file data.pdb (PDB, C-alpha atoms, pLDDT in the B column)
MODEL        1
ATOM      1  CA  MET A 598     -29.465  38.309  17.629  1.00 53.00           C
ATOM      2  CA  ILE A 599     -30.256  34.924  16.054  1.00 57.00           C
ATOM      3  CA  GLU A 600     -28.507  35.997  12.841  1.00 62.00           C
ATOM      4  CA  LEU A 601     -25.220  35.924  14.760  1.00 78.00           C
ATOM      5  CA  TYR A 602     -25.447  32.207  15.533  1.00 87.00           C
ATOM      6  CA  TYR A 603     -23.758  29.700  13.239  1.00 87.00           C
ATOM      7  CA  GLY A 604     -26.322  27.952  11.090  1.00 89.00           C
ATOM      8  CA  SER A 605     -25.822  24.989   8.792  1.00 91.00           C
ATOM      9  CA  PHE A 606     -25.754  27.194   5.679  1.00 88.00           C
ATOM     10  CA  ASP A 607     -23.119  29.489   7.231  1.00 89.00           C
ATOM     11  CA  ILE A 608     -20.859  26.574   8.051  1.00 92.00           C
ATOM     12  CA  ALA A 609     -21.427  25.025   4.602  1.00 92.00           C
ATOM     13  CA  CYS A 610     -20.432  28.332   2.968  1.00 89.00           C
ATOM     14  CA  ILE A 611     -17.237  28.383   5.000  1.00 89.00           C
ATOM     15  CA  ILE A 612     -16.438  24.769   4.103  1.00 93.00           C
ATOM     16  CA  HIS A 613     -17.150  25.447   0.434  1.00 90.00           C
ATOM     17  CA  SER A 614     -15.177  28.698   0.295  1.00 88.00           C
ATOM     18  CA  TYR A 615     -12.068  26.999   1.699  1.00 89.00           C
ATOM     19  CA  ASP A 616     -12.632  23.964  -0.557  1.00 91.00           C
ATOM     20  CA  MET A 617     -12.345  21.630   2.429  1.00 92.00           C
ATOM     21  CA  GLY A 618     -12.409  17.905   2.029  1.00 92.00           C
ATOM     22  CA  THR A 619     -14.739  15.724   4.049  1.00 92.00           C
ATOM     23  CA  LYS A 620     -12.160  14.909   6.731  1.00 95.00           C
ATOM     24  CA  THR A 621     -11.181  18.552   7.284  1.00 95.00           C
ATOM     25  CA  ALA A 622     -14.842  19.609   7.306  1.00 95.00           C
ATOM     26  CA  SER A 623     -15.615  16.931   9.896  1.00 95.00           C
ATOM     27  CA  ILE A 624     -12.761  18.175  12.087  1.00 95.00           C
ATOM     28  CA  LEU A 625     -14.136  21.728  11.770  1.00 94.00           C
ATOM     29  CA  LEU A 626     -17.639  20.565  12.736  1.00 95.00           C
ATOM     30  CA  GLU A 627     -16.260  18.663  15.745  1.00 95.00           C
ATOM     31  CA  ASN A 628     -14.291  21.732  16.861  1.00 94.00           C
ATOM     32  CA  ILE A 629     -17.315  23.988  16.519  1.00 94.00           C
ATOM     33  CA  TRP A 630     -19.431  21.433  18.391  1.00 92.00           C
ATOM     34  CA  LYS A 631     -16.928  21.151  21.265  1.00 94.00           C
ATOM     35  CA  ASN A 632     -15.585  24.702  21.513  1.00 94.00           C
ATOM     36  CA  ASP A 633     -18.245  27.032  20.096  1.00 91.00           C
ATOM     37  CA  ASN A 634     -21.459  25.196  20.933  1.00 93.00           C
ATOM     38  CA  LEU A 635     -23.031  28.333  22.416  1.00 92.00           C
ATOM     39  CA  PHE A 636     -22.601  30.079  19.059  1.00 91.00           C
ATOM     40  CA  LEU A 637     -24.600  27.425  17.189  1.00 94.00           C
ATOM     41  CA  LEU A 638     -28.287  27.845  16.494  1.00 93.00           C
ATOM     42  CA  PRO A 639     -30.194  26.321  19.426  1.00 94.00           C
ATOM     43  CA  CYS A 640     -31.505  23.422  17.304  1.00 94.00           C
ATOM     44  CA  TYR A 641     -27.917  22.159  16.812  1.00 95.00           C
ATOM     45  CA  ARG A 642     -26.549  22.544  20.323  1.00 95.00           C
ATOM     46  CA  SER A 643     -27.740  19.139  21.480  1.00 95.00           C
ATOM     47  CA  ASN A 644     -27.975  17.357  18.130  1.00 95.00           C
ATOM     48  CA  LEU A 645     -24.622  16.791  16.416  1.00 94.00           C
ATOM     49  CA  ARG A 646     -26.206  14.419  13.894  1.00 95.00           C
ATOM     50  CA  LYS A 647     -28.635  17.107  12.718  1.00 96.00           C
ATOM     51  CA  LEU A 648     -25.757  19.577  12.384  1.00 95.00           C
ATOM     52  CA  TYR A 649     -23.773  17.138  10.225  1.00 95.00           C
ATOM     53  CA  LEU A 650     -26.738  16.274   8.007  1.00 94.00           C
ATOM     54  CA  ASP A 651     -27.798  19.881   7.489  1.00 94.00           C
ATOM     55  CA  VAL A 652     -24.266  21.149   6.827  1.00 94.00           C
ATOM     56  CA  TYR A 653     -23.569  18.402   4.299  1.00 93.00           C
ATOM     57  CA  TYR A 654     -26.932  19.030   2.613  1.00 89.00           C
ATOM     58  CA  TRP A 655     -25.967  22.664   2.005  1.00 88.00           C
ATOM     59  CA  THR A 656     -22.392  21.740   1.073  1.00 90.00           C
ATOM     60  CA  ASP A 657     -23.714  19.427  -1.635  1.00 86.00           C
ATOM     61  CA  TYR A 658     -26.000  22.198  -2.879  1.00 82.00           C
ATOM     62  CA  LEU A 659     -23.149  24.710  -3.046  1.00 85.00           C
ATOM     63  CA  CYS A 660     -20.920  22.249  -4.911  1.00 84.00           C
ATOM     64  CA  ASP A 661     -23.559  21.757  -7.605  1.00 80.00           C
ATOM     65  CA  LYS A 662     -25.071  25.257  -7.521  1.00 76.00           C
ATOM     66  CA  PRO A 663     -24.383  26.104 -11.206  1.00 79.00           C
ATOM     67  CA  THR A 664     -26.295  23.032 -12.371  1.00 78.00           C
ATOM     68  CA  ILE A 665     -29.162  23.721  -9.985  1.00 71.00           C
ATOM     69  CA  ASP A 666     -29.282  27.375 -11.079  1.00 72.00           C
ATOM     70  CA  LYS A 667     -29.541  26.294 -14.743  1.00 78.00           C
ATOM     71  CA  GLU A 668     -32.757  24.521 -13.866  1.00 75.00           C
ATOM     72  CA  PHE A 669     -34.392  27.737 -12.687  1.00 71.00           C
ATOM     73  CA  PRO A 670     -36.425  28.282 -15.895  1.00 77.00           C
ATOM     74  CA  SER A 671     -38.005  24.825 -15.484  1.00 78.00           C
ATOM     75  CA  VAL A 672     -38.804  25.509 -11.859  1.00 72.00           C
ATOM     76  CA  GLN A 673     -40.286  28.888 -12.780  1.00 75.00           C
ATOM     77  CA  LYS A 674     -42.532  27.239 -15.441  1.00 79.00           C
ATOM     78  CA  ASP A 675     -43.739  24.715 -12.868  1.00 76.00           C
ATOM     79  CA  PHE A 676     -44.677  27.536 -10.498  1.00 73.00           C
ATOM     80  CA  GLU A 677     -46.481  29.388 -13.278  1.00 79.00           C
ATOM     81  CA  ALA A 678     -48.402  26.203 -14.174  1.00 81.00           C
ATOM     82  CA  LEU A 679     -49.591  26.121 -10.563  1.00 79.00           C
ATOM     83  CA  GLY A 680     -50.681  29.746 -10.813  1.00 77.00           C
ATOM     84  CA  ARG A 681     -47.893  30.994  -8.600  1.00 72.00           C
ATOM     85  CA  GLY A 682     -44.970  33.249  -9.311  1.00 63.00           C
ATOM     86  CA  MET A 683     -41.367  32.988  -8.278  1.00 57.00           C
ATOM     87  CA  GLU A 684     -38.732  35.668  -8.431  1.00 56.00           C
ATOM     88  CA  GLU A 685     -35.304  34.754  -9.714  1.00 56.00           C
ATOM     89  CA  ALA A 686     -33.671  36.442  -6.725  1.00 52.00           C
ATOM     90  CA  ALA A 687     -35.496  34.028  -4.412  1.00 47.00           C
ATOM     91  CA  PHE A 688     -33.886  31.062  -6.158  1.00 49.00           C
ATOM     92  CA  MET A 689     -30.418  32.280  -7.126  1.00 47.00           C
ATOM     93  CA  THR A 690     -28.330  34.658  -5.129  1.00 48.00           C
ATOM     94  CA  GLU A 691     -24.713  35.681  -5.200  1.00 50.00           C
ATOM     95  CA  ASN A 692     -25.026  38.151  -2.341  1.00 46.00           C
ATOM     96  CA  PHE A 693     -22.306  37.924   0.252  1.00 51.00           C
ATOM     97  CA  ASP A 694     -23.518  38.145   3.810  1.00 63.00           C
ATOM     98  CA  MET A 695     -21.430  40.517   5.945  1.00 59.00           C
ATOM     99  CA  ASP A 696     -22.232  38.482   9.063  1.00 65.00           C
ATOM    100  CA  LEU A 697     -20.837  35.422   7.305  1.00 61.00           C
ATOM    101  CA  PHE A 698     -17.570  37.252   6.678  1.00 62.00           C
ATOM    102  CA  PHE A 699     -17.080  37.837  10.391  1.00 65.00           C
ATOM    103  CA  LYS A 700     -18.172  34.303  11.288  1.00 65.00           C
ATOM    104  CA  MET A 701     -15.622  32.978   8.813  1.00 66.00           C
ATOM    105  CA  LYS A 702     -12.881  35.110  10.313  1.00 66.00           C
ATOM    106  CA  ARG A 703     -13.749  33.975  13.819  1.00 65.00           C
ATOM    107  CA  LEU A 704     -13.532  30.297  12.913  1.00 64.00           C
TER     108      LEU A 704
ENDMDL
END

call {"tool": "encode", "arguments": {"input": "data.pdb", "output": "C-alpha coordinates"}}
result
Amino acid sequence: MIELYYGSFDIACIIHSYDMGTKTASILLENIWKNDNLFLLPCYRSNLRKLYLDVYYWTDYLCDKPTIDKEFPSVQKDFEALGRGMEEAAFMTENFDMDLFFKMKRL
(Lines of atoms letter the chains of each structure in order from A and count residues from 1; the text may use other names and numbers.)
(Lines give C-alpha, C1' and ligand atoms only; values in the text may rest on other atoms or scores of the structure.)
Protein backbone atom coordinates (compact mmCIF):
# COMPACT_ATOMS: atom_id res chain seq x y z
CA MET A 1 0.00 0.00 0.00
CA ILE A 2 2.91 2.39 0.62
CA GLU A 3 3.61 2.53 -3.13
CA LEU A 4 0.31 4.40 -3.54
CA TYR A 5 1.42 7.34 -1.39
CA TYR A 6 2.95 10.40 -3.03
CA GLY A 7 6.69 10.44 -2.48
CA SER A 8 9.14 13.21 -3.28
CA PHE A 9 10.33 11.47 -6.46
CA ASP A 10 6.74 11.02 -7.70
CA ILE A 11 5.97 14.69 -7.22
CA ALA A 12 9.29 15.71 -8.82
CA CYS A 13 8.47 13.55 -11.86
CA ILE A 14 5.11 15.27 -12.18
CA ILE A 15 6.68 18.72 -11.87
CA HIS A 16 9.34 17.82 -14.42
CA SER A 17 6.93 16.23 -16.89
CA TYR A 18 4.75 19.36 -16.94
CA ASP A 19 7.85 21.59 -17.08
CA MET A 20 6.57 23.64 -14.15
CA GLY A 21 8.38 26.70 -12.95
CA THR A 22 9.30 27.17 -9.31
CA LYS A 23 6.22 29.24 -8.47
CA THR A 24 3.79 26.77 -10.04
CA ALA A 25 5.59 23.84 -8.40
CA SER A 26 5.37 25.59 -5.02
CA ILE A 27 1.63 26.12 -5.50
CA LEU A 28 1.26 22.41 -6.35
CA LEU A 29 3.21 21.40 -3.24
CA GLU A 30 1.08 23.70 -1.06
CA ASN A 31 -2.12 22.24 -2.55
CA ILE A 32 -0.94 18.68 -1.99
CA TRP A 33 0.11 19.59 1.56
CA LYS A 34 -3.27 21.18 2.38
CA ASN A 35 -5.69 18.98 0.42
CA ASP A 36 -4.03 15.59 -0.05
CA ASN A 37 -1.89 15.29 3.08
CA LEU A 38 -3.20 11.79 3.81
CA PHE A 39 -1.88 10.64 0.44
CA LEU A 40 1.69 11.75 1.22
CA LEU A 41 4.25 9.34 2.61
CA PRO A 42 4.03 9.49 6.41
CA CYS A 43 7.44 11.19 6.73
CA TYR A 44 6.08 14.26 4.86
CA ARG A 45 2.70 14.65 6.51
CA SER A 46 4.00 16.78 9.36
CA ASN A 47 7.15 18.18 7.74
CA LEU A 48 6.49 20.55 4.83
CA ARG A 49 10.13 21.67 4.80
CA LYS A 50 11.34 18.10 4.25
CA LEU A 51 8.82 17.67 1.43
CA TYR A 52 10.05 20.84 -0.31
CA LEU A 53 13.73 19.93 0.07
CA ASP A 54 13.28 16.36 -1.13
CA VAL A 55 11.06 17.29 -4.09
CA TYR A 56 13.46 20.00 -5.25
CA TYR A 57 16.42 17.62 -4.85
CA TRP A 58 14.78 15.16 -7.26
CA THR A 59 13.60 17.94 -9.57
CA ASP A 60 17.18 19.16 -9.91
CA TYR A 61 18.32 15.61 -10.63
CA LEU A 62 15.68 15.12 -13.32
CA CYS A 63 16.58 18.44 -14.97
CA ASP A 64 20.23 17.41 -15.27
CA LYS A 65 19.69 13.67 -15.74
CA PRO A 66 21.44 13.41 -19.15
CA THR A 67 24.64 14.90 -17.73
CA ILE A 68 24.49 12.68 -14.65
CA ASP A 69 23.84 9.61 -16.82
CA LYS A 70 26.93 10.42 -18.93
CA GLU A 71 29.01 10.07 -15.80
CA PHE A 72 27.92 6.47 -15.28
CA PRO A 73 31.13 4.93 -16.71
CA SER A 74 33.21 6.90 -14.17
CA VAL A 75 30.95 5.83 -11.34
CA GLN A 76 31.13 2.22 -12.51
CA LYS A 77 34.98 2.37 -12.56
CA ASP A 78 34.98 3.74 -9.01
CA PHE A 79 32.80 0.84 -7.86
CA GLU A 80 35.06 -1.66 -9.61
CA ALA A 81 38.12 -0.08 -7.95
CA LEU A 82 36.42 -0.74 -4.61
CA GLY A 83 35.81 -4.35 -5.60
CA ARG A 84 32.09 -3.85 -6.03
CA GLY A 85 29.88 -4.07 -9.06
CA MET A 86 27.08 -1.85 -10.22
CA GLU A 87 24.50 -2.60 -12.85
CA GLU A 88 23.64 0.10 -15.35
CA ALA A 89 19.93 -0.43 -14.73
CA ALA A 90 20.43 0.51 -11.08
CA PHE A 91 21.83 3.90 -12.09
CA MET A 92 19.88 4.85 -15.21
CA THR A 93 16.28 4.02 -15.85
CA GLU A 94 13.71 5.20 -18.32
CA ASN A 95 10.96 2.93 -17.02
CA PHE A 96 7.62 4.60 -16.56
CA ASP A 97 5.85 3.68 -13.36
CA MET A 98 2.16 2.85 -13.90
CA ASP A 99 1.34 4.04 -10.37
CA LEU A 100 2.92 7.39 -11.24
CA PHE A 101 0.61 7.71 -14.24
CA PHE A 102 -2.46 7.44 -12.03
CA LYS A 103 -0.98 9.74 -9.38
CA MET A 104 -0.32 12.31 -12.09
CA LYS A 105 -3.88 12.05 -13.36
CA ARG A 106 -5.28 12.45 -9.87
CA LEU A 107 -3.32 15.63 -9.21

call {"tool": "atom_distance", "arguments": {"input": "data.pdb", "atom1": "atom CA of A:Lys620", "atom2": "atom CA of A:Asp607"}}
result
18.2 Å

call {"tool": "resolve_selection", "arguments": {"input": "data.pdb", "expression": "the PyMOL selection byres ((chain A and resi 655-671) around 9)", "output": "number ranges by chain"}}
result
A: 605-606, 608-610, 612-613, 650-654, 672-676, 685, 688-689

call {"tool": "resolve_selection", "arguments": {"input": "data.pdb", "expression": "the PyMOL selection byres ((chain A and resi 629) around 12)", "output": "number ranges by chain"}}
result
A: 602-605, 608, 622-628, 630-638, 641-642, 645, 648-649, 700-701, 703-704

call {"tool": "atom_distance", "arguments": {"input": "data.pdb", "atom1": "atom CA of A:Thr619", "atom2": "atom CA of A:Ser643"}}
result
22.0 Å

call {"tool": "axis_aligned_box", "arguments": {"input": "data.pdb", "around": "stretch 668-680 of chain A", "padding_each_side": "8 Å", "output": "JSON"}}
result
{"center_x": -41.7, "center_y": 27.1, "center_z": -13.2, "size_x": 33.9, "size_y": 21.2, "size_z": 21.4}

call {"tool": "decode", "arguments": {"input": "data.pdb", "residues": "stretch 622-633 of chain A", "atoms": "all heavy atoms", "output": "mmCIF file, in the first residue's frame"}}
result
data_model
loop_
_atom_site.group_PDB
_atom_site.id
_atom_site.type_symbol
_atom_site.label_atom_id
_atom_site.label_comp_id
_atom_site.auth_asym_id
_atom_site.auth_seq_id
_atom_site.Cartn_x
_atom_site.Cartn_y
_atom_site.Cartn_z
ATOM 1 N N ALA A 622 5.257 25.036 -9.179
ATOM 2 C CA ALA A 622 5.587 23.841 -8.396
ATOM 3 C C ALA A 622 5.312 24.080 -6.916
ATOM 4 O O ALA A 622 4.802 23.190 -6.217
ATOM 5 C CB ALA A 622 7.043 23.447 -8.618
ATOM 6 N N SER A 623 5.630 25.267 -6.432
ATOM 7 C CA SER A 623 5.369 25.586 -5.021
ATOM 8 C C SER A 623 3.873 25.598 -4.727
ATOM 9 O O SER A 623 3.438 25.130 -3.674
ATOM 10 C CB SER A 623 5.981 26.940 -4.657
ATOM 11 O OG SER A 623 7.379 26.860 -4.712
ATOM 12 N N ILE A 624 3.094 26.125 -5.661
ATOM 13 C CA ILE A 624 1.629 26.120 -5.499
ATOM 14 C C ILE A 624 1.118 24.673 -5.464
ATOM 15 O O ILE A 624 0.269 24.330 -4.633
ATOM 16 C CB ILE A 624 0.950 26.933 -6.619
ATOM 17 C CG1 ILE A 624 1.281 28.420 -6.450
ATOM 18 C CG2 ILE A 624 -0.556 26.704 -6.633
ATOM 19 C CD1 ILE A 624 0.890 29.287 -7.639
ATOM 20 N N LEU A 625 1.648 23.826 -6.350
ATOM 21 C CA LEU A 625 1.262 22.411 -6.354
ATOM 22 C C LEU A 625 1.596 21.759 -5.020
ATOM 23 O O LEU A 625 0.762 21.058 -4.431
ATOM 24 C CB LEU A 625 1.954 21.664 -7.489
ATOM 25 C CG LEU A 625 1.723 20.149 -7.521
ATOM 26 C CD1 LEU A 625 0.267 19.836 -7.861
ATOM 27 C CD2 LEU A 625 2.656 19.480 -8.507
ATOM 28 N N LEU A 626 2.809 21.990 -4.516
ATOM 29 C CA LEU A 626 3.214 21.397 -3.236
ATOM 30 C C LEU A 626 2.316 21.879 -2.093
ATOM 31 O O LEU A 626 1.921 21.084 -1.237
ATOM 32 C CB LEU A 626 4.673 21.718 -2.927
ATOM 33 C CG LEU A 626 5.701 20.931 -3.731
ATOM 34 C CD1 LEU A 626 7.095 21.477 -3.480
ATOM 35 C CD2 LEU A 626 5.635 19.465 -3.404
ATOM 36 N N GLU A 627 1.976 23.163 -2.095
ATOM 37 C CA GLU A 627 1.080 23.698 -1.061
ATOM 38 C C GLU A 627 -0.300 23.046 -1.143
ATOM 39 O O GLU A 627 -0.888 22.702 -0.119
ATOM 40 C CB GLU A 627 0.943 25.217 -1.196
ATOM 41 C CG GLU A 627 2.164 25.985 -0.796
ATOM 42 C CD GLU A 627 2.391 26.007 0.706
ATOM 43 O OE1 GLU A 627 1.435 25.942 1.490
ATOM 44 O OE2 GLU A 627 3.571 26.096 1.098
ATOM 45 N N ASN A 628 -0.805 22.877 -2.372
ATOM 46 C CA ASN A 628 -2.116 22.242 -2.545
ATOM 47 C C ASN A 628 -2.107 20.786 -2.095
ATOM 48 O O ASN A 628 -3.055 20.316 -1.463
ATOM 49 C CB ASN A 628 -2.590 22.350 -3.998
ATOM 50 C CG ASN A 628 -3.087 23.727 -4.346
ATOM 51 O OD1 ASN A 628 -3.558 24.466 -3.477
ATOM 52 N ND2 ASN A 628 -2.979 24.096 -5.608
ATOM 53 N N ILE A 629 -1.048 20.078 -2.432
ATOM 54 C CA ILE A 629 -0.936 18.684 -1.990
ATOM 55 C C ILE A 629 -0.874 18.641 -0.470
ATOM 56 O O ILE A 629 -1.532 17.828 0.176
ATOM 57 C CB ILE A 629 0.299 17.994 -2.616
ATOM 58 C CG1 ILE A 629 0.112 17.833 -4.118
ATOM 59 C CG2 ILE A 629 0.550 16.643 -1.960
ATOM 60 C CD1 ILE A 629 1.362 17.384 -4.850
ATOM 61 N N TRP A 630 -0.070 19.534 0.104
ATOM 62 C CA TRP A 630 0.107 19.586 1.561
ATOM 63 C C TRP A 630 -1.230 19.847 2.264
ATOM 64 O O TRP A 630 -1.567 19.214 3.257
ATOM 65 C CB TRP A 630 1.121 20.668 1.907
ATOM 66 C CG TRP A 630 1.294 20.879 3.369
ATOM 67 C CD1 TRP A 630 0.759 21.882 4.114
ATOM 68 C CD2 TRP A 630 2.030 20.072 4.273
ATOM 69 N NE1 TRP A 630 1.132 21.751 5.421
ATOM 70 C CE2 TRP A 630 1.916 20.641 5.546
ATOM 71 C CE3 TRP A 630 2.789 18.915 4.125
ATOM 72 C CZ2 TRP A 630 2.517 20.116 6.662
ATOM 73 C CZ3 TRP A 630 3.397 18.386 5.237
ATOM 74 C CH2 TRP A 630 3.263 18.975 6.487
ATOM 75 N N LYS A 631 -2.013 20.792 1.734
ATOM 76 C CA LYS A 631 -3.271 21.177 2.376
ATOM 77 C C LYS A 631 -4.412 20.206 2.087
ATOM 78 O O LYS A 631 -5.211 19.898 2.972
ATOM 79 C CB LYS A 631 -3.686 22.578 1.924
ATOM 80 C CG LYS A 631 -2.803 23.668 2.449
ATOM 81 C CD LYS A 631 -3.216 25.021 1.894
ATOM 82 C CE LYS A 631 -2.250 26.096 2.351
ATOM 83 N NZ LYS A 631 -2.525 27.386 1.688
ATOM 84 N N ASN A 632 -4.505 19.739 0.842
ATOM 85 C CA ASN A 632 -5.686 18.984 0.416
ATOM 86 C C ASN A 632 -5.500 17.472 0.347
ATOM 87 O O ASN A 632 -6.482 16.732 0.422
ATOM 88 C CB ASN A 632 -6.162 19.496 -0.949
ATOM 89 C CG ASN A 632 -6.490 20.972 -0.918
ATOM 90 O OD1 ASN A 632 -7.060 21.465 0.043
ATOM 91 N ND2 ASN A 632 -6.096 21.688 -1.957
ATOM 92 N N ASP A 633 -4.282 17.018 0.130
ATOM 93 C CA ASP A 633 -4.026 15.586 -0.046
ATOM 94 C C ASP A 633 -2.990 15.066 0.941
ATOM 95 O O ASP A 633 -2.258 14.121 0.642
ATOM 96 C CB ASP A 633 -3.550 15.300 -1.470
ATOM 97 C CG ASP A 633 -4.650 15.420 -2.501
ATOM 98 O OD1 ASP A 633 -5.824 15.266 -2.113
ATOM 99 O OD2 ASP A 633 -4.344 15.661 -3.671
#
